[in-house]
$ cat work_0.cif   # mmCIF, C-alpha atoms
data_entry
loop_
_atom_site.label_atom_id
_atom_site.label_comp_id
_atom_site.auth_asym_id
_atom_site.auth_seq_id
_atom_site.Cartn_x
_atom_site.Cartn_y
_atom_site.Cartn_z
CA MET D 721 -32.85 17.80 3.77
CA LEU D 722 -29.46 17.78 2.16
CA SER D 723 -29.10 14.74 -0.07
CA SER D 724 -25.90 15.41 -1.97
CA THR D 725 -23.04 12.93 -1.71
CA PHE D 726 -19.33 13.33 -1.50
CA SER D 727 -18.95 11.53 -4.77
CA ARG D 728 -21.30 10.01 -7.29
CA LEU D 729 -18.80 9.36 -10.00
CA THR D 730 -21.45 7.92 -12.26
CA ASN D 731 -23.03 11.39 -12.16
CA PRO D 732 -20.42 13.91 -10.87
CA ALA D 733 -21.73 16.48 -8.40
CA SER D 734 -21.84 20.11 -9.41
CA MET D 735 -19.74 22.68 -7.59
CA ALA D 736 -22.85 23.94 -5.87
CA SER D 737 -23.69 20.52 -4.42
CA ILE D 738 -20.10 20.08 -3.22
CA ALA D 739 -20.33 23.42 -1.45
CA ARG D 740 -23.59 22.34 0.21
CA SER D 741 -21.91 19.14 1.44
CA ARG D 742 -19.10 21.15 2.98
CA ARG D 743 -21.50 23.55 4.67
CA TYR D 744 -23.35 20.56 6.10
CA ALA D 745 -20.12 19.04 7.38
CA ARG D 746 -19.18 22.31 9.04
CA ARG D 747 -22.54 22.50 10.80
CA TRP D 748 -21.84 19.06 12.25
CA LEU D 749 -18.45 20.25 13.48
CA LEU D 750 -19.94 23.39 15.01
CA GLY D 751 -22.52 21.28 16.84
CA LEU D 752 -19.87 18.96 18.23
CA ALA D 753 -17.29 21.47 19.46
CA SER D 754 -17.36 19.95 22.92
CA MET D 755 -16.25 16.52 21.67
CA SER D 756 -12.68 15.60 22.48
CA SER D 757 -12.02 14.50 18.91
CA VAL D 758 -12.36 18.05 17.57
CA PRO D 759 -10.32 20.99 18.89
CA SER D 760 -12.48 23.95 19.89
CA SER D 761 -10.49 26.27 17.64
CA LEU D 762 -11.35 24.11 14.66
CA ALA D 763 -15.02 23.96 15.56
CA LYS D 764 -15.21 27.73 16.08
CA ASP D 765 -13.49 28.39 12.77
CA PRO D 766 -14.69 25.79 10.24
CA SER D 767 -12.54 27.34 7.52
CA ARG D 768 -9.59 25.74 9.29
CA SER D 769 -10.82 22.32 8.17
CA SER D 770 -8.90 22.62 4.91
CA ILE D 771 -6.16 20.07 4.28
CA GLY D 772 -3.30 22.47 4.85
CA SER D 773 -4.46 23.79 8.22
CA ALA D 774 -6.18 20.86 9.89
CA SER D 775 -3.97 18.00 8.77
CA SER D 776 -1.21 18.75 11.25
CA TYR D 777 -3.66 18.32 14.12
CA LEU D 778 -5.51 15.36 12.65
CA SER D 779 -2.59 13.50 11.07
CA ASN D 780 -1.76 9.94 12.09
CA VAL D 781 1.00 9.53 9.51
CA SER D 782 3.42 8.62 12.32
CA ASN D 783 0.89 6.72 14.40
CA PHE D 784 -1.13 4.26 12.34
CA LYS D 785 -2.04 0.58 12.49
CA ILE D 786 -2.10 -1.94 9.65
CA ILE D 787 -4.97 -4.38 9.29
CA GLU D 788 -3.44 -6.97 6.97
CA SER D 789 -6.19 -8.52 4.86
CA THR D 790 -4.31 -10.99 2.67
CA LEU D 791 -5.85 -13.91 4.54
CA ARG D 792 -9.35 -12.54 4.05
CA GLY D 793 -9.27 -13.86 0.50
CA LYS D 794 -10.84 -17.25 -0.07
CA GLY D 795 -8.73 -20.17 -1.15
CA ARG D 796 -5.36 -18.85 0.05
CA ALA D 797 -2.86 -21.67 0.32
CA LYS D 798 -0.14 -21.60 3.00
CA LYS D 799 -2.36 -19.63 5.39
CA ILE D 800 -0.42 -20.63 8.50
CA GLU D 801 2.92 -19.77 6.89
CA ILE D 802 1.58 -16.42 5.65
CA ALA D 803 0.08 -15.59 9.05
CA LYS D 804 3.37 -16.27 10.83
CA ALA D 805 5.37 -14.26 8.29
CA LEU D 806 3.06 -11.24 8.55
CA ASP D 807 3.16 -11.41 12.34
CA ASP D 808 6.95 -11.53 12.28
CA PHE D 809 6.98 -8.51 9.96
CA GLY D 810 5.03 -6.57 12.59
CA VAL D 811 1.50 -5.92 11.33
CA ASP D 812 -0.97 -4.98 14.04
CA TYR D 813 -3.91 -7.10 12.90
CA LEU D 814 -4.61 -10.09 10.68
CA GLU D 815 -8.05 -10.09 9.08
CA LEU D 816 -9.38 -13.51 8.08
CA THR D 817 -12.14 -14.85 5.87
CA SER D 818 -15.58 -14.98 7.47
CA PRO D 819 -16.09 -18.32 9.25
CA ALA D 820 -19.56 -18.33 7.67
CA ALA D 821 -17.99 -18.68 4.21
CA SER D 822 -17.23 -22.39 4.60
CA THR D 823 -16.28 -25.09 7.07
CA GLN D 824 -12.65 -24.68 6.04
CA SER D 825 -12.81 -20.94 6.71
CA PHE D 826 -14.15 -21.63 10.19
CA ASN D 827 -11.35 -24.12 10.84
CA ASP D 828 -8.73 -21.72 9.44
CA CYS D 829 -9.85 -19.04 11.91
CA LYS D 830 -9.53 -21.41 14.83
CA ALA D 831 -6.14 -22.64 13.66
CA ILE D 832 -4.66 -19.17 13.27
CA VAL D 833 -6.13 -18.04 16.59
CA GLY D 834 -4.38 -21.03 18.13
CA LEU D 835 -0.95 -19.91 16.92
CA GLY D 836 -0.64 -17.35 19.72
CA LEU D 837 0.62 -14.58 17.46
CA LYS D 838 1.38 -11.05 18.62
CA ALA D 839 -1.02 -9.57 16.03
CA LYS D 840 -4.69 -9.41 16.91
CA ILE D 841 -6.86 -11.77 14.88
CA LEU D 842 -10.01 -10.37 13.27
CA THR D 843 -12.57 -11.83 10.95
CA HIS D 844 -14.64 -9.98 8.37
CA VAL D 845 -18.39 -10.69 8.66
CA ARG D 846 -21.72 -9.48 7.35
CA CYS D 847 -23.90 -7.42 9.66
CA HIS D 848 -25.94 -10.46 10.63
CA MET D 849 -26.38 -12.18 13.97
CA ASP D 850 -25.76 -15.69 12.59
CA ASP D 851 -22.40 -14.62 11.16
CA ALA D 852 -21.44 -12.82 14.35
CA LYS D 853 -22.24 -15.79 16.58
CA LEU D 854 -20.27 -18.19 14.38
CA ALA D 855 -17.29 -15.82 14.38
CA VAL D 856 -17.30 -15.54 18.17
CA GLU D 857 -17.04 -19.34 18.39
CA THR D 858 -13.65 -19.28 16.64
CA GLY D 859 -11.99 -17.34 19.45
CA VAL D 860 -10.92 -14.34 17.35
CA ASP D 861 -10.02 -11.06 19.06
CA GLY D 862 -12.54 -9.02 17.14
CA LEU D 863 -15.08 -8.79 14.35
CA ASP D 864 -15.08 -6.45 11.38
CA VAL D 865 -18.75 -5.95 10.59
CA VAL D 866 -19.88 -4.55 7.22
CA ILE D 867 -23.07 -3.73 5.35
CA GLY D 868 -23.71 -1.89 2.09
CA THR D 869 -25.08 1.64 2.37
CA SER D 870 -25.06 3.03 -1.17
CA SER D 871 -28.26 3.18 -3.19
CA PHE D 872 -26.77 0.57 -5.53
CA LEU D 873 -26.22 -1.97 -2.76
CA ARG D 874 -29.40 -1.19 -0.89
CA GLU D 875 -31.44 -1.75 -4.04
CA PHE D 876 -29.55 -4.55 -5.78
CA SER D 877 -27.77 -6.39 -2.92
CA HIS D 878 -29.51 -6.69 0.44
CA GLY D 879 -32.60 -4.58 -0.30
CA LYS D 880 -32.81 -2.96 3.17
CA ASP D 881 -33.40 0.66 4.14
CA MET D 882 -31.25 2.76 6.46
CA GLN D 883 -33.44 2.26 9.52
CA TYR D 884 -33.12 -1.50 9.12
CA ILE D 885 -29.34 -1.11 8.82
CA ILE D 886 -29.14 0.94 12.01
CA ASP D 887 -31.39 -1.47 13.91
CA THR D 888 -29.47 -4.55 12.76
CA ALA D 889 -26.12 -2.91 13.42
CA THR D 890 -27.24 -2.07 16.94
CA GLU D 891 -28.20 -5.67 17.64
CA VAL D 892 -24.99 -7.14 16.23
CA ILE D 893 -22.67 -4.61 17.85
CA GLN D 894 -24.27 -5.01 21.28
CA TYR D 895 -23.90 -8.77 21.01
CA ILE D 896 -20.21 -8.59 20.05
CA LYS D 897 -19.44 -6.09 22.80
CA GLY D 898 -21.29 -8.30 25.23
CA GLU D 899 -18.85 -11.08 24.33
CA GLY D 900 -15.97 -8.78 25.23
CA LEU D 901 -14.56 -8.59 21.71
CA GLU D 902 -13.26 -5.74 19.59
CA VAL D 903 -15.71 -4.51 16.97
CA ARG D 904 -15.40 -2.39 13.87
CA PHE D 905 -18.48 -1.30 11.95
CA SER D 906 -18.08 -0.28 8.33
CA SER D 907 -20.32 0.90 5.57
CA GLU D 908 -19.72 -0.61 2.15
CA ASP D 909 -19.49 1.60 -0.95
CA SER D 910 -19.11 4.61 1.35
CA PHE D 911 -18.16 7.10 -1.34
CA ARG D 912 -21.35 6.49 -3.33
CA SER D 913 -23.55 6.62 -0.21
CA ASP D 914 -25.62 9.59 0.86
CA ILE D 915 -23.58 11.73 3.25
CA VAL D 916 -26.49 12.31 5.62
CA ASP D 917 -27.17 8.57 5.82
CA LEU D 918 -23.50 7.89 6.49
CA LEU D 919 -23.07 10.45 9.25
CA ASN D 920 -26.26 9.40 11.00
CA LEU D 921 -25.20 5.76 10.85
CA TYR D 922 -21.66 6.39 12.08
CA ARG D 923 -22.84 8.60 14.90
CA ALA D 924 -25.32 5.91 16.00
CA VAL D 925 -22.73 3.10 16.11
CA ASP D 926 -20.17 5.35 17.76
CA LYS D 927 -22.62 5.88 20.62
CA LEU D 928 -22.77 2.08 20.98
CA GLY D 929 -19.05 2.04 21.75
CA VAL D 930 -17.49 0.46 18.66
CA ASN D 931 -13.71 0.43 18.60
CA ARG D 932 -13.61 1.67 15.02
CA VAL D 933 -15.85 2.80 12.24
CA GLY D 934 -14.76 2.01 8.71
CA ILE D 935 -15.14 3.67 5.35
CA ALA D 936 -14.76 1.60 2.19
CA ASP D 937 -14.10 2.78 -1.34
CA THR D 938 -15.55 -0.47 -2.61
CA VAL D 939 -15.38 0.32 -6.33
CA GLY D 940 -12.20 2.42 -6.24
CA CYS D 941 -13.88 5.63 -7.35
CA ALA D 942 -12.59 8.05 -4.72
CA SER D 943 -9.80 10.59 -5.12
CA PRO D 944 -7.44 11.73 -2.32
CA ASP D 945 -9.32 15.05 -2.03
CA GLN D 946 -12.64 13.23 -1.58
CA VAL D 947 -11.07 10.92 0.98
CA ALA D 948 -9.67 13.87 2.92
CA GLU D 949 -13.08 15.58 2.93
CA LEU D 950 -14.98 12.55 4.20
CA VAL D 951 -12.41 11.49 6.80
CA ARG D 952 -12.11 15.02 8.22
CA THR D 953 -15.86 15.26 8.50
CA LEU D 954 -16.14 11.81 10.08
CA ARG D 955 -13.36 12.69 12.53
CA GLY D 956 -15.62 15.45 13.83
CA ILE D 957 -18.59 13.09 14.21
CA VAL D 958 -17.13 10.09 16.02
CA SER D 959 -14.79 9.68 18.98
CA CYS D 960 -13.65 6.16 18.05
CA ASP D 961 -10.87 5.17 15.65
CA ILE D 962 -11.37 5.28 11.87
CA GLU D 963 -10.41 2.43 9.56
CA CYS D 964 -10.10 2.79 5.78
CA HIS D 965 -10.41 0.25 2.99
CA PHE D 966 -9.53 1.41 -0.53
CA HIS D 967 -9.68 -0.38 -3.86
CA ASN D 968 -7.26 0.32 -6.67
CA ASP D 969 -9.54 0.36 -9.74
CA THR D 970 -8.43 3.89 -10.63
CA GLY D 971 -4.91 3.63 -9.23
CA CYS D 972 -5.45 5.73 -6.09
CA ALA D 973 -5.51 3.12 -3.31
CA ILE D 974 -2.20 3.98 -1.63
CA ALA D 975 -2.60 7.72 -2.21
CA ASN D 976 -6.08 7.51 -0.69
CA ALA D 977 -4.79 5.59 2.33
CA TYR D 978 -2.16 8.27 2.91
CA ALA D 979 -4.72 11.06 2.56
CA ALA D 980 -6.94 9.28 5.07
CA LEU D 981 -4.15 9.10 7.65
CA GLN D 982 -3.29 12.75 7.09
CA ASN D 983 -6.85 13.71 7.95
CA GLY D 984 -7.60 11.62 11.01
CA ALA D 985 -7.88 7.95 10.05
CA THR D 986 -6.04 5.53 12.32
CA HIS D 987 -6.13 2.11 10.61
CA VAL D 988 -5.47 1.09 7.00
CA ASP D 989 -6.31 -2.22 5.30
CA THR D 990 -3.56 -3.72 3.15
CA SER D 991 -2.79 -6.99 1.40
CA VAL D 992 0.47 -8.49 0.19
CA LEU D 993 1.04 -7.48 -3.45
CA GLY D 994 -2.30 -5.66 -3.26
CA ILE D 995 -4.17 -8.90 -3.96
CA GLY D 996 -7.95 -8.57 -3.62
CA GLU D 997 -11.17 -8.15 -5.56
CA ARG D 998 -10.55 -6.86 -9.11
CA ASN D 999 -7.47 -4.58 -8.95
CA GLY D 1000 -7.06 -5.17 -5.23
CA ILE D 1001 -6.33 -2.81 -2.32
CA PRO D 1002 -3.19 -1.01 -1.06
CA SER D 1003 -0.25 -3.38 -1.28
CA LEU D 1004 1.57 -3.89 1.99
CA GLY D 1005 4.91 -3.12 0.34
CA GLY D 1006 3.69 -0.04 -1.51
CA PHE D 1007 1.96 1.34 1.58
CA ILE D 1008 5.04 0.72 3.74
CA ALA D 1009 7.19 2.49 1.15
CA ARG D 1010 4.86 5.51 1.23
CA MET D 1011 4.96 5.66 5.03
CA TYR D 1012 8.75 5.12 5.12
CA ALA D 1013 9.16 8.15 2.86
CA SER D 1014 7.14 10.20 5.38
CA ASP D 1015 8.63 8.95 8.64
CA LYS D 1016 11.54 6.58 8.00
CA GLU D 1017 12.67 6.08 11.58
CA SER D 1018 9.19 5.28 12.88
CA VAL D 1019 8.57 2.70 10.17
CA LYS D 1020 12.02 1.12 10.61
CA ALA D 1021 11.45 0.84 14.35
CA LYS D 1022 8.07 -0.86 14.03
CA TYR D 1023 8.42 -3.23 11.07
CA LYS D 1024 11.04 -5.78 9.99
CA LEU D 1025 11.43 -4.28 6.55
CA GLU D 1026 13.97 -6.86 5.43
CA LYS D 1027 11.20 -9.52 5.69
CA LEU D 1028 9.04 -7.89 3.03
CA ARG D 1029 10.52 -9.71 0.03
CA GLU D 1030 10.16 -13.09 1.75
CA ILE D 1031 6.49 -12.43 2.52
CA GLU D 1032 5.76 -11.38 -1.04
CA ASN D 1033 7.46 -14.47 -2.43
CA ILE D 1034 5.42 -16.72 -0.15
CA VAL D 1035 2.14 -15.12 -1.19
CA ALA D 1036 3.09 -14.98 -4.87
CA ASP D 1037 3.84 -18.69 -4.79
CA ALA D 1038 0.61 -19.45 -2.91
CA VAL D 1039 -1.60 -17.72 -5.47
CA GLY D 1040 0.43 -18.61 -8.55
CA VAL D 1041 1.64 -15.17 -9.65
CA SER D 1042 4.99 -13.46 -10.07
CA VAL D 1043 6.13 -10.39 -8.16
CA PRO D 1044 5.76 -7.57 -10.74
CA PHE D 1045 9.02 -6.22 -12.19
CA ASN D 1046 8.05 -2.70 -11.08
CA ASN D 1047 6.70 -3.67 -7.67
CA PRO D 1048 7.52 -1.07 -5.00
CA VAL D 1049 10.66 -1.98 -3.03
CA THR D 1050 11.02 -5.61 -4.14
CA GLY D 1051 10.45 -5.49 -7.90
CA TYR D 1052 13.41 -6.26 -10.14
CA CYS D 1053 13.58 -2.63 -11.26
CA ALA D 1054 12.99 -0.97 -7.89
CA PHE D 1055 16.65 -0.10 -7.32
CA THR D 1056 17.98 -0.51 -10.85
CA HIS D 1057 19.56 2.53 -12.48
CA LYS D 1058 20.20 2.74 -16.18
CA ALA D 1059 20.59 6.21 -17.68
CA GLY D 1060 24.15 7.55 -17.63
CA ILE D 1061 23.36 10.77 -15.76
CA HIS D 1062 21.40 8.77 -13.17
CA ALA D 1063 24.21 6.28 -12.72
CA LYS D 1064 26.86 8.94 -12.16
CA ALA D 1065 24.75 10.71 -9.53
CA ILE D 1066 23.76 7.46 -7.80
CA LEU D 1067 27.38 6.40 -7.54
CA ASN D 1068 28.27 9.75 -5.99
CA ASN D 1069 25.25 9.99 -3.68
CA PRO D 1070 22.36 7.46 -3.80
CA SER D 1071 19.90 10.01 -2.42
CA THR D 1072 20.00 11.85 -5.74
CA TYR D 1073 17.69 9.28 -7.32
CA GLU D 1074 16.46 7.14 -4.41
CA ILE D 1075 13.94 8.11 -1.73
CA LEU D 1076 14.16 4.61 -0.22
CA ARG D 1077 17.41 3.05 1.01
CA PRO D 1078 17.57 -0.48 -0.40
CA GLU D 1079 19.71 -1.63 2.54
CA ASP D 1080 16.86 -0.90 4.95
CA PHE D 1081 14.70 -3.42 3.07
CA GLY D 1082 17.37 -6.06 2.64
CA MET D 1083 17.70 -5.13 -1.04
CA THR D 1084 20.68 -4.09 -3.16
CA ARG D 1085 21.21 -1.40 -5.74
CA TYR D 1086 22.07 -2.34 -9.32
CA VAL D 1087 23.53 0.00 -11.92
CA ALA D 1088 22.83 -1.48 -15.36
CA ILE D 1089 25.69 -0.88 -17.80
CA GLY D 1090 25.19 -3.16 -20.83
CA HIS D 1091 22.88 -0.84 -22.77
CA ARG D 1092 22.97 2.13 -25.14
CA LEU D 1093 22.22 4.66 -22.37
CA THR D 1094 25.15 3.61 -20.21
CA GLY D 1095 27.74 6.16 -19.05
CA TRP D 1096 31.45 5.81 -18.51
CA ASN D 1097 31.13 6.49 -14.76
CA ALA D 1098 29.02 3.35 -14.40
CA VAL D 1099 31.52 1.35 -16.43
CA LYS D 1100 34.38 2.73 -14.33
CA ASN D 1101 32.54 1.67 -11.18
CA ARG D 1102 32.33 -1.87 -12.50
CA VAL D 1103 36.04 -1.78 -13.45
CA ASP D 1104 36.88 -0.80 -9.87
CA GLN D 1105 34.66 -3.60 -8.51
CA LEU D 1106 36.59 -6.10 -10.64
CA GLY D 1107 39.92 -4.62 -9.57
CA LEU D 1108 41.14 -3.93 -13.10
CA PRO D 1109 43.95 -1.35 -13.62
CA LEU D 1110 42.17 0.67 -16.32
CA THR D 1111 42.26 4.44 -16.77
CA ASP D 1112 39.39 6.84 -17.35
CA VAL D 1113 40.37 6.97 -21.02
CA ASP D 1114 40.11 3.17 -21.19
CA CYS D 1115 36.66 3.27 -19.55
CA LYS D 1116 35.42 5.85 -22.02
CA GLN D 1117 36.61 3.81 -25.00
CA ILE D 1118 34.99 0.65 -23.64
CA THR D 1119 31.78 2.58 -22.96
CA ASN D 1120 31.58 3.67 -26.59
CA LYS D 1121 31.99 0.05 -27.71
CA ILE D 1122 29.27 -1.11 -25.29
CA LYS D 1123 26.88 1.55 -26.63
CA ASN D 1124 27.51 0.46 -30.23
CA LEU D 1125 27.06 -3.22 -29.42
CA ALA D 1126 23.91 -2.50 -27.40
CA ASP D 1127 22.29 -1.08 -30.53
CA ILE D 1128 22.29 -4.68 -31.73
CA ARG D 1129 21.16 -6.11 -28.40
CA PRO D 1130 21.76 -5.32 -24.69
CA LEU D 1131 24.78 -6.95 -23.11
CA SER D 1132 24.42 -9.05 -20.00
CA LEU D 1133 26.58 -8.23 -17.00
CA ASP D 1134 28.53 -11.37 -17.76
CA ASP D 1135 29.18 -10.05 -21.31
CA VAL D 1136 30.40 -6.72 -19.93
CA ASP D 1137 32.69 -8.42 -17.44
CA LYS D 1138 34.20 -10.60 -20.16
CA LEU D 1139 34.85 -7.53 -22.28
CA LEU D 1140 36.45 -5.63 -19.41
CA ARG D 1141 38.69 -8.53 -18.41
CA ARG D 1142 39.75 -9.31 -21.99
CA TYR D 1143 40.55 -5.63 -22.55
CA GLY D 1144 42.56 -5.53 -19.31
CA GLU D 1145 44.56 -8.62 -20.28
CA ALA D 1146 45.23 -7.22 -23.77
CA LYS D 1147 46.41 -3.92 -22.35
CA VAL D 1148 49.36 -5.65 -20.74
CA GLU D 1149 50.51 -6.58 -24.26
CA ASP D 1150 49.40 -3.22 -25.70
CA SER D 1151 46.83 -4.95 -27.92
CA HIS D 1152 43.73 -3.59 -26.21
CA HIS D 1153 42.73 -1.29 -29.08
CA ALA D 1154 42.72 -4.25 -31.44
CA ILE D 1155 40.38 -6.10 -29.07
CA LEU D 1156 37.75 -3.40 -29.38
CA GLU D 1157 38.16 -3.08 -33.12
CA ALA D 1158 37.71 -6.82 -33.61
CA ILE D 1159 34.32 -6.95 -31.91
CA ASP D 1160 31.34 -6.31 -34.20
CA THR D 1161 28.48 -8.07 -32.37
CA PRO D 1162 27.60 -8.99 -28.76
CA ASP D 1163 27.55 -12.65 -29.73
CA GLN D 1164 31.31 -12.55 -30.26
CA ILE D 1165 31.73 -11.73 -26.56
CA THR D 1166 29.24 -14.34 -25.47
CA GLN D 1167 31.20 -17.01 -27.36
CA TRP D 1168 34.51 -16.20 -25.61
#
$ encode --input "work_0.cif" --output "structure tokens"
Amino acid sequence: MLSSTFSRLTNPASMASIARSRRYARRWLLGLASMSSVPSSLAKDPSRSSIGSASSYLSNVSNFKIIESTLRGKGRAKKIEIAKALDDFGVDYLELTSPAASTQSFNDCKAIVGLGLKAKILTHVRCHMDDAKLAVETGVDGLDVVIGTSSFLREFSHGKDMQYIIDTATEVIQYIKGEGLEVRFSSEDSFRSDIVDLLNLYRAVDKLGVNRVGIADTVGCASPDQVAELVRTLRGIVSCDIECHFHNDTGCAIANAYAALQNGATHVDTSVLGIGERNGIPSLGGFIARMYASDKESVKAKYKLEKLREIENIVADAVGVSVPFNNPVTGYCAFTHKAGIHAKAILNNPSTYEILRPEDFGMTRYVAIGHRLTGWNAVKNRVDQLGLPLTDVDCKQITNKIKNLADIRPLSLDDVDKLLRRYGEAKVEDSHHAILEAIDTPDQITQW
């Protein structure tokens, strides 16, 4: 029996074992050609399951759902405020802490369910009947059930074999469905699990009628190519939706989420600012930015993008962190342009150096000018904003002075404005050249 895995990063697979995995996946596809989830042409010609040829058929890049998992974290303050803000933004689901975690978690579930939000309310629970029954009592719309399937977790976490996992999953899933609730079943540490075990497990729960199966890159070891391979194969095995949960330990979480959607996944887990275990999961803002770049109009129509900064500020305050300066979309530097050649192009056509329109996110563009890399076009733009009657020659002379002063320290915008205005006033008396010659340090401007 084939026992290779898609990825054992602690002991990378050889090219031969990767080829065997692909042949195995293709045999599954050939055996399931009659299933509606796989086109017959793809099943008859397995070579078409490469990214380039199959993605157009499988892609859900313009038709995905967000399962927002910020509130799954324990100890989140402002849970009600965060839940309302995320719902207003337009996420499809809110995933909450397991009610089995604590009495407060149980009460939080009930309270958020009672808000009557548009988003469906889910809770994340272990594959255990006690957890499932407690979750049902809270009135949530669905349960996200999970159990570890890798050799690491089976040996060092729950200690159960695959047959036990299938039997327990069957019991829990049938109970949840009997209660009329939505159910997702996910493996944990999917990318270090045996591929045969995974496919057998997913096929078994799919037959039980789960709404979604989930794959989880629990330790953040997967690459986009590995994600594409597994999701494409899984898409040929199950007829239900596919949810993906990626960790960012190696910096691939958002790229992996995008690769998953390209190859047949339907749901992606996110959290505000990417907050989660260790390095976290795809950030809501970063993921939205990636999807906006792919299908701007669809994303603008579905989500209130201008609410993103407010949500991030609420969560940042709740957990006691700052929004990173280079955070996608809302970071201080996201729409800041500095280099002279960048500034000139941006002023002429923002699309030259921006794939995202700041206006669509309620943000503004800023062209920094008080530094040694500044260009005279940026300075001229500021002159025009201030309504000063200065020529191009004036702007070039002032730019040279700014560059020289910035070698000592950068000038604030207030410093630059003072310099421009003082120069403009002096020009009326034809003493503007003397103004520039008299300034040796930025502090002289600051003291005006």
$ atom_distance --input "work_0.cif" --atom1 "CA of Pro1078 in chain D" --atom2 "CA of Leu1025 in chain D"
10.0 Å
$ residues_near_point --input "work_0.cif" --point "(-4.0, 9.1, -6.8)" --cutoff "7 Å" --atoms "all atoms listed in the file" --output "PyMOL selection string"
chain D and resi 943-944+971-972+975-976
$ resolve_selection --input "work_0.cif" --expression "the PyMOL selection byres ((chain D and resi 827) around 12)" --output "list in words"
Lys799, Ile800, Leu816, Thr817, Ser818, Pro819, Ala820, Ala821, Ser822, Thr823, Gln824, Ser825, Phe826, Asp828, Cys829, Lys830, Ala831, Ile832, Val833, Gly834, Leu854, Ala855, Glu857, Thr858, Gly859 and Val860 of chain D
$ atom_distance --input "work_0.cif" --atom1 "CA of Ser782 in chain D" --atom2 "CA of Tyr978 in chain D"
10.9 Å
$ atom_distance --input "work_0.cif" --atom1 "CA of Glu1074 in chain D" --atom2 "CA of Val992 in chain D"
22.8 Å
$ closest_atom_pairs --input "work_0.cif" --of "range 1026-1141 of chain D" --to "range 1007-1017 of chain D" --cutoff "8 Å" --atoms "only C-alpha atoms" --output "CSV"
residue,atom,partner,partner_atom,distance
D:Pro1048,CA,D:Ala1009,CA,7.1
D:Val1049,CA,D:Ala1009,CA,7.0
D:Ile1075,CA,D:Ala1013,CA,6.6
D:Leu1076,CA,D:Ala1013,CA,6.9
$ residues_around --input "work_0.cif" --residues "range 1119-1128 of chain D" --least-positions-apart "5" --cutoff "6 Å" --atoms "all atoms listed in the file" --output "VMD selection string"
chain D and resid 1091 to 1092 1096 1161 to 1162
$ write_last_selection --input "work_0.cif" --atoms "C-alpha atoms" --output "PDB file, keeping the file's coordinate frame"
ATOM      1  CA  HIS D1091      22.880  -0.840 -22.770  1.00  0.00           C
ATOM      2  CA  ARG D1092      22.970   2.130 -25.140  1.00  0.00           C
ATOM      3  CA  TRP D1096      31.450   5.810 -18.510  1.00  0.00           C
ATOM      4  CA  THR D1161      28.480  -8.070 -32.370  1.00  0.00           C
ATOM      5  CA  PRO D1162      27.600  -8.990 -28.760  1.00  0.00           C
TER       6      PRO D1162
END
$ resolve_selection --input "work_0.cif" --expression "the PyMOL selection byres ((chain D and resi 1080-1090) around 8)" --output "number ranges by chain"
D: 1020, 1025-1028, 1049-1050, 1055-1058, 1063, 1077-1079, 1091-1095, 1098-1099, 1122-1123, 1126, 1130-1133, 1135-1136
$ write_last_selection --input "work_0.cif" --atoms "C-alpha atoms" --output "mmCIF file, in the coordinates of the input"
data_model
loop_
_atom_site.group_PDB
_atom_site.id
_atom_site.type_symbol
_atom_site.label_atom_id
_atom_site.label_comp_id
_atom_site.auth_asym_id
_atom_site.auth_seq_id
_atom_site.Cartn_x
_atom_site.Cartn_y
_atom_site.Cartn_z
ATOM 1 C CA LYS D 1020 12.020 1.120 10.610
ATOM 2 C CA LEU D 1025 11.430 -4.280 6.550
ATOM 3 C CA GLU D 1026 13.970 -6.860 5.430
ATOM 4 C CA LYS D 1027 11.200 -9.520 5.690
ATOM 5 C CA LEU D 1028 9.040 -7.890 3.030
ATOM 6 C CA VAL D 1049 10.660 -1.980 -3.030
ATOM 7 C CA THR D 1050 11.020 -5.610 -4.140
ATOM 8 C CA PHE D 1055 16.650 -0.100 -7.320
ATOM 9 C CA THR D 1056 17.980 -0.510 -10.850
ATOM 10 C CA HIS D 1057 19.560 2.530 -12.480
ATOM 11 C CA LYS D 1058 20.200 2.740 -16.180
ATOM 12 C CA ALA D 1063 24.210 6.280 -12.720
ATOM 13 C CA ARG D 1077 17.410 3.050 1.010
ATOM 14 C CA PRO D 1078 17.570 -0.480 -0.400
ATOM 15 C CA GLU D 1079 19.710 -1.630 2.540
ATOM 16 C CA HIS D 1091 22.880 -0.840 -22.770
ATOM 17 C CA ARG D 1092 22.970 2.130 -25.140
ATOM 18 C CA LEU D 1093 22.220 4.660 -22.370
ATOM 19 C CA THR D 1094 25.150 3.610 -20.210
ATOM 20 C CA GLY D 1095 27.740 6.160 -19.050
ATOM 21 C CA ALA D 1098 29.020 3.350 -14.400
ATOM 22 C CA VAL D 1099 31.520 1.350 -16.430
ATOM 23 C CA ILE D 1122 29.270 -1.110 -25.290
ATOM 24 C CA LYS D 1123 26.880 1.550 -26.630
ATOM 25 C CA ALA D 1126 23.910 -2.500 -27.400
ATOM 26 C CA PRO D 1130 21.760 -5.320 -24.690
ATOM 27 C CA LEU D 1131 24.780 -6.950 -23.110
ATOM 28 C CA SER D 1132 24.420 -9.050 -20.000
ATOM 29 C CA LEU D 1133 26.580 -8.230 -17.000
ATOM 30 C CA ASP D 1135 29.180 -10.050 -21.310
ATOM 31 C CA VAL D 1136 30.400 -6.720 -19.930
#
$ residues_near_point --input "work_0.cif" --point "(-24.2, -0.3, 4.6)" --cutoff "12 Å" --atoms "only C-alpha atoms" --output "NGL selection string"
:D and (846-848 or 865-875 or 877-889 or 905-914 or 917-922 or 933-936 or 938)
$ resolve_selection --input "work_0.cif" --expression "the PyMOL selection byres ((chain D and resi 989) around 7)" --output "list of chain:residue names"
D:Ile786, D:Ile787, D:Glu788, D:Ser789, D:Cys964, D:His965, D:His987, D:Val988, D:Thr990
